[in-house]
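The next block holds one structure in the form of C-alpha cells; read it before the comments.
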Amino acid sequence: MTFADEVKKAVTPRAALLVIGVLALQLLFIASYIGALHAPKPTDVPFGVVAPRQMSARLVTELKNLPGGPLDPRAITDAATAREQILNRDIDGALIVNPAGSTDTVLVASGGGTALASSLTSIMKKVGLTQQRTVRSIDVAPASDQDFDGLSSFYLVVGWCVGGYLCASILAISAGSRPANLERALIRTGAMALYSIAGGIGGAIIVGPILGALPGSFWALSGLGALVVFAVGMITLALQALTGIIGIGLAVLIIVIAGNPSAGGAFPLPMLPDFWRAIGPALPPGAGTWVARSIAYFKGNAVAGPLLVLSAWAVIGTALTLLLALRRRQDDADATRTETVPGNSAPPSSPSRRPG
C-alpha cells in the first residue's frame with residue numbers, strides 16, 4: 001500500500017470534518033477573547049450623582065455628555081441612598097458633591113471589579129480637575145486583600161464550569177455519547193448531581209477556609225457551585241445526546257469561547273463591548289460570577305435573576321437529556337416491532353438481523 005493510500009485510509013471524511021471543527025473553535029476562541037478584552041473601556045456605567053438641587057441636573061447632563069459616553073448618570077437624593085444602591089448593585093458608583101468645600105467624594109465598589117472601580121475614580125478626578133475641584137475615593141464594598149483585582153470569584157466559577165463539562169464529557173466518552181435508554185440517562189443525571197455537590201463544596205473550601213480568597217457564606221458559595229457545575233454538566237450531556245461527540249465542541253463554544261470572556265471577570269460588564277456585555281448575563285460563567293461576587297461582597301443582593309439563568313440551563317439540559325433518551329427508547333421499540341411483523345423478519349442467519 002502506498003503512502004497516498006495510507007493517507008486516504010487514515011484521514012476519513014469524519015476525521016477531517018472534526019479537525020476542521022476544532023480549527024474553527026480555535027479561531028473563535030482567539031477572536032472572542034481578544035475581541036472582548038483587548039480594549040476595555042467603561043460605557044454607560046450606571047452612576048449616581050448626589051448634589052444640591054440647583055446643580056444636580058446640570059452635573060448629570062455634563063457627566064452624560066463626557067467623551068465616549070462612559071457613564072449613565074442619574075440624580076440620587078442623598079449619600080446614604082447612593083451607598084445603598086451600590087450595595088444593591090443597582091449602580092456601580094456615585095459622586096457625592098460637597099457644596100461647602102472643594103473636595104468631592106466618589107463611591108466605588110472594588111468587590112464588583114477592581115478595574116471598573118479604578119476607572120470610575122480616574123474619570124471623576126479628571127472631571128474634578130476641569131472644575132477646579134479635588135476628588136477622594138471611598139470603597140463601600142472593597143475586594144478582599146487576598147482577592148487580587150477581584151478575580152477570585154471569576155476563576156472559582158471558571159473552575160466549576162470546567163469541571164461540569166469535563167465530567168459530562170467523560171461520562172459520554174466512557175459509556176457512549178448518547179445514553180442507551182432512559183434508565184442510563186437517569187443514572188448519568190444522578191452521577192452529575194453528586195459530582196456537582198462535591199465540586200461546589202470543594203471549590204468553596206479551597207476559596208474560603210484554605211486560601212481565604214473570598215469572604216461570604218461558605219454554604220451559599222457551595223450551593224452556587226453545585227448549581228453552576230450541574231447546569232454546565234447537564235447542558236453538555238444534552239448537547240452530546242443531541243449531536244454525539246460534536247456536543248463537546250458545542251459546550252466549549254457556549255461555555256468557554258462565548259461565556260468566559262463575557263462573564264465580567266477580568267473586566268466587569270460595563271467595560272466590555274456591546275456584544276459580550278449582552279450575552280454575558282445569559283450564560284453560566286457570567287451568571288455565576290455575578291452571584292459569587294454578590295455573596296462575597298454585596299450581602300447576597302441582586303442574585304435572583306442570575307440564579308434563574310443558571311436554573312434554566314440546568315432544567316433545559318436535564319429535560320433534553322431525558323427526553324432524547326426516552327425518544328431513543330421509543331425508536332428502538334418501534335424498530336423491534338417492525339422486525340417482528342410477519343413477512344418483515346429476517347432469517348436467523350441473515351446479516352441484516354439486529355444484534356441482541
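Ligands are numbered from 1 in the order shown, chains are lettered A, B, ... in the order of the C-alpha cells, and residues start at 1 in each chain.
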
When you look at Asn301 in chain A with a cut-off of 10 Å (counting only C-alpha atoms), what residues show up, excluding the ones that are within fewer than 2 positions of it in the same chain? I need them as a short mmCIF file (atom, residue, chain, number, x, y, z; two decimals) with N, CA and C atoms, in the first residue's frame.
data_model
loop_
_atom_site.label_atom_id
_atom_site.label_comp_id
_atom_site.auth_asym_id
_atom_site.auth_seq_id
_atom_site.Cartn_x
_atom_site.Cartn_y
_atom_site.Cartn_z
N LEU A 87 -24.63 48.88 47.06
CA LEU A 87 -24.65 47.58 47.70
C LEU A 87 -25.74 46.68 47.15
N ASN A 88 -26.82 47.29 46.63
CA ASN A 88 -27.87 46.52 45.96
C ASN A 88 -27.53 46.19 44.52
N ARG A 89 -26.40 46.71 44.05
CA ARG A 89 -25.89 46.52 42.69
C ARG A 89 -26.80 47.14 41.63
N ASP A 90 -27.50 48.21 42.03
CA ASP A 90 -28.30 48.97 41.08
C ASP A 90 -27.41 49.93 40.29
N VAL A 291 -23.19 36.18 40.83
CA VAL A 291 -23.70 35.69 42.11
C VAL A 291 -22.56 35.51 43.11
N ARG A 293 -19.77 37.16 43.36
CA ARG A 293 -19.37 38.47 43.87
C ARG A 293 -20.43 39.04 44.80
N SER A 294 -21.68 38.81 44.49
CA SER A 294 -22.75 39.29 45.37
C SER A 294 -22.67 38.62 46.73
N ILE A 295 -22.42 37.32 46.74
CA ILE A 295 -22.30 36.59 48.01
C ILE A 295 -21.10 37.10 48.80
N TYR A 297 -19.32 40.08 48.50
CA TYR A 297 -19.11 41.50 48.80
C TYR A 297 -20.38 42.34 48.90
N PHE A 298 -21.52 41.82 48.46
CA PHE A 298 -22.71 42.66 48.40
C PHE A 298 -23.88 42.08 49.20
N LYS A 299 -23.56 41.34 50.25
CA LYS A 299 -24.57 40.81 51.18
C LYS A 299 -25.60 39.93 50.48
N VAL A 303 -29.31 38.65 43.26
CA VAL A 303 -28.92 37.34 42.75
C VAL A 303 -30.08 36.57 42.12
N ALA A 304 -31.31 37.06 42.25
CA ALA A 304 -32.47 36.30 41.77
C ALA A 304 -32.38 36.04 40.26
#

inquiry  = Could you list, as a list in words, every residue within 9 Å of Asn181 in chain A, counting only C-alpha atoms and ignoring same-chain residues fewer than 6 positions away?
reply    =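 The filter keeps Leu322, Ala325, Leu326, Arg327, Arg328 and Arg329 of chain A.
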
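If you look at CA of Gly202 in chain A and CA of Gly247 in chain A, they are 26.8 Å away from each other.
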
Per-residue nearest contacts of range 97-207 of chain A to range 250-268 of chain A (9 Å; only C-alpha atoms) as JSON lines:
{"residue": "A:Gly112", "atom": "CA", "partner": "A:Pro268", "partner_atom": "CA", "distance": 7.3}
{"residue": "A:Gly113", "atom": "CA", "partner": "A:Pro268", "partner_atom": "CA", "distance": 5.8}
{"residue": "A:Thr114", "atom": "CA", "partner": "A:Phe267", "partner_atom": "CA", "distance": 8.2}
{"residue": "A:Ala115", "atom": "CA", "partner": "A:Phe267", "partner_atom": "CA", "distance": 6.1}
{"residue": "A:Leu116", "atom": "CA", "partner": "A:Pro268", "partner_atom": "CA", "distance": 6.4}
{"residue": "A:Asp149", "atom": "CA", "partner": "A:Ala266", "partner_atom": "CA", "distance": 8.0}
{"residue": "A:Gly150", "atom": "CA", "partner": "A:Gly265", "partner_atom": "CA", "distance": 8.1}
{"residue": "A:Leu151", "atom": "CA", "partner": "A:Gly265", "partner_atom": "CA", "distance": 6.2}
{"residue": "A:Ser152", "atom": "CA", "partner": "A:Gly265", "partner_atom": "CA", "distance": 8.7}
{"residue": "A:Ser153", "atom": "CA", "partner": "A:Gly265", "partner_atom": "CA", "distance": 7.7}
{"residue": "A:Phe154", "atom": "CA", "partner": "A:Gly265", "partner_atom": "CA", "distance": 5.0}
{"residue": "A:Tyr155", "atom": "CA", "partner": "A:Gly265", "partner_atom": "CA", "distance": 7.8}
{"residue": "A:Val158", "atom": "CA", "partner": "A:Asn260", "partner_atom": "CA", "distance": 7.3}
{"residue": "A:Cys161", "atom": "CA", "partner": "A:Ile255", "partner_atom": "CA", "distance": 7.3}
{"residue": "A:Val162", "atom": "CA", "partner": "A:Val256", "partner_atom": "CA", "distance": 8.4}
{"residue": "A:Tyr165", "atom": "CA", "partner": "A:Ala251", "partner_atom": "CA", "distance": 7.0}

message = When you look at Ile201 in chain A with a cut-off of 12 Å (counting only C-alpha atoms), what residues show up, excluding the ones that are within fewer than 6 positions of it in the same chain? I need them as a list in words.
response =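 That gives Leu156, Trp160, Leu194, Tyr195, Val207, Gly208, Pro209, Ser217, Phe218, Trp219, Ala220, Leu221, Ser222, Gly223, Leu224, Gly225, Ala226, Leu227, Val228 and Val229 of chain A.
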
Using the selection just defined, write its residues with C-alpha atoms as an mmCIF file, in the first residue's frame.
data_model
loop_
_atom_site.group_PDB
_atom_site.id
_atom_site.type_symbol
_atom_site.label_atom_id
_atom_site.label_comp_id
_atom_site.auth_asym_id
_atom_site.auth_seq_id
_atom_site.Cartn_x
_atom_site.Cartn_y
_atom_site.Cartn_z
ATOM 1 C CA LEU A 156 -13.795 29.982 41.012
ATOM 2 C CA TRP A 160 -16.747 24.958 38.341
ATOM 3 C CA LEU A 194 -23.495 14.017 43.063
ATOM 4 C CA TYR A 195 -20.412 15.309 41.277
ATOM 5 C CA VAL A 207 -11.502 29.616 48.098
ATOM 6 C CA GLY A 208 -12.642 30.104 51.690
ATOM 7 C CA PRO A 209 -11.120 28.138 54.576
ATOM 8 C CA SER A 217 -21.210 32.440 53.301
ATOM 9 C CA PHE A 218 -19.474 29.108 52.791
ATOM 10 C CA TRP A 219 -22.744 27.262 52.205
ATOM 11 C CA ALA A 220 -24.047 29.924 49.831
ATOM 12 C CA LEU A 221 -20.914 29.549 47.708
ATOM 13 C CA SER A 222 -21.184 25.757 47.922
ATOM 14 C CA GLY A 223 -24.770 25.868 46.710
ATOM 15 C CA LEU A 224 -23.850 28.220 43.900
ATOM 16 C CA GLY A 225 -21.018 25.935 42.867
ATOM 17 C CA ALA A 226 -23.269 22.882 42.791
ATOM 18 C CA LEU A 227 -25.766 24.752 40.605
ATOM 19 C CA VAL A 228 -23.079 26.029 38.201
ATOM 20 C CA VAL A 229 -21.480 22.586 37.801
#

task = One decimal, Å: what's the distance from CA of Ile245 in chain A over to CA of Leu182 in chain A, could you say?
result =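 Those two atoms sit 19.1 Å apart.
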
task = With a distance cut-off of 8 Å and only C-alpha atoms, select the neighbouring residues of Ser311 in chain A, excluding the residue or stretch itself and same-chain residues fewer than 4 positions from it, and output the selection as an MDAnalysis selection string.
result = chainID A and resid 227 231 307 315

Store the residues picked out above in a file with C-alpha atoms, as a compact mmCIF listing (two decimals), in the first residue's frame.
# COMPACT_ATOMS: atom_id res chain seq x y z
CA LEU A 227 -25.77 24.75 40.61
CA ALA A 231 -26.10 23.45 34.84
CA LEU A 307 -29.84 32.20 39.73
CA VAL A 315 -33.63 22.39 33.76

request  = Write out as a VMD selection string each polymer residue whose atoms come within 12 Å of Pro52 in chain A, counting only C-alpha atoms; drop sequence neighbours fewer than 3 positions from it.
outcome  = chain A and resid 49 55 to 60 75 to 79 95 to 100

Next, the residues of the selection above should be written as a PDB file, in the first residue's frame with N, CA and C atoms.
ATOM      1  N   VAL A  49     -25.449  60.508  41.167  1.00  0.00           N
ATOM      2  CA  VAL A  49     -24.958  61.863  41.431  1.00  0.00           C
ATOM      3  C   VAL A  49     -25.756  62.440  42.594  1.00  0.00           C
ATOM      4  N   MET A  55     -27.689  72.394  41.161  1.00  0.00           N
ATOM      5  CA  MET A  55     -26.603  71.985  40.271  1.00  0.00           C
ATOM      6  C   MET A  55     -26.706  70.516  39.849  1.00  0.00           C
ATOM      7  N   SER A  56     -27.650  69.771  40.411  1.00  0.00           N
ATOM      8  CA  SER A  56     -27.736  68.339  40.134  1.00  0.00           C
ATOM      9  C   SER A  56     -28.018  68.058  38.656  1.00  0.00           C
ATOM     10  N   ALA A  57     -29.043  68.717  38.094  1.00  0.00           N
ATOM     11  CA  ALA A  57     -29.408  68.445  36.701  1.00  0.00           C
ATOM     12  C   ALA A  57     -28.276  68.808  35.755  1.00  0.00           C
ATOM     13  N   ARG A  58     -27.616  69.937  36.020  1.00  0.00           N
ATOM     14  CA  ARG A  58     -26.506  70.343  35.155  1.00  0.00           C
ATOM     15  C   ARG A  58     -25.361  69.344  35.219  1.00  0.00           C
ATOM     16  N   LEU A  59     -25.050  68.860  36.415  1.00  0.00           N
ATOM     17  CA  LEU A  59     -23.943  67.925  36.568  1.00  0.00           C
ATOM     18  C   LEU A  59     -24.264  66.584  35.916  1.00  0.00           C
ATOM     19  N   VAL A  60     -25.506  66.135  36.057  1.00  0.00           N
ATOM     20  CA  VAL A  60     -25.907  64.887  35.396  1.00  0.00           C
ATOM     21  C   VAL A  60     -25.741  65.005  33.887  1.00  0.00           C
ATOM     22  N   ALA A  75     -29.628  61.276  39.037  1.00  0.00           N
ATOM     23  CA  ALA A  75     -29.631  62.016  40.302  1.00  0.00           C
ATOM     24  C   ALA A  75     -30.153  61.132  41.421  1.00  0.00           C
ATOM     25  N   ILE A  76     -29.484  61.224  42.582  1.00  0.00           N
ATOM     26  CA  ILE A  76     -29.874  60.477  43.775  1.00  0.00           C
ATOM     27  C   ILE A  76     -29.989  61.465  44.928  1.00  0.00           C
ATOM     28  N   THR A  77     -30.924  61.230  45.797  1.00  0.00           N
ATOM     29  CA  THR A  77     -31.270  62.228  46.819  1.00  0.00           C
ATOM     30  C   THR A  77     -30.159  62.473  47.830  1.00  0.00           C
ATOM     31  N   ASP A  78     -29.504  61.418  48.314  1.00  0.00           N
ATOM     32  CA  ASP A  78     -28.501  61.612  49.355  1.00  0.00           C
ATOM     33  C   ASP A  78     -27.457  60.508  49.316  1.00  0.00           C
ATOM     34  N   ALA A  79     -26.398  60.682  50.100  1.00  0.00           N
ATOM     35  CA  ALA A  79     -25.273  59.755  50.092  1.00  0.00           C
ATOM     36  C   ALA A  79     -25.672  58.373  50.597  1.00  0.00           C
ATOM     37  N   LEU A  95     -21.071  59.933  42.708  1.00  0.00           N
ATOM     38  CA  LEU A  95     -20.335  61.143  43.059  1.00  0.00           C
ATOM     39  C   LEU A  95     -21.126  61.909  44.104  1.00  0.00           C
ATOM     40  N   ILE A  96     -20.480  62.210  45.223  1.00  0.00           N
ATOM     41  CA  ILE A  96     -21.109  62.979  46.291  1.00  0.00           C
ATOM     42  C   ILE A  96     -20.466  64.364  46.295  1.00  0.00           C
ATOM     43  N   VAL A  97     -21.230  65.365  45.879  1.00  0.00           N
ATOM     44  CA  VAL A  97     -20.704  66.726  45.777  1.00  0.00           C
ATOM     45  C   VAL A  97     -20.819  67.415  47.139  1.00  0.00           C
ATOM     46  N   ASN A  98     -19.737  68.038  47.530  1.00  0.00           N
ATOM     47  CA  ASN A  98     -19.708  68.795  48.786  1.00  0.00           C
ATOM     48  C   ASN A  98     -19.867  70.278  48.469  1.00  0.00           C
ATOM     49  N   PRO A  99     -21.061  70.858  48.667  1.00  0.00           N
ATOM     50  CA  PRO A  99     -21.265  72.269  48.297  1.00  0.00           C
ATOM     51  C   PRO A  99     -20.527  73.246  49.205  1.00  0.00           C
ATOM     52  N   ALA A 100     -20.119  72.788  50.375  1.00  0.00           N
ATOM     53  CA  ALA A 100     -19.446  73.678  51.320  1.00  0.00           C
ATOM     54  C   ALA A 100     -17.931  73.694  51.153  1.00  0.00           C
TER      55      ALA A 100
END
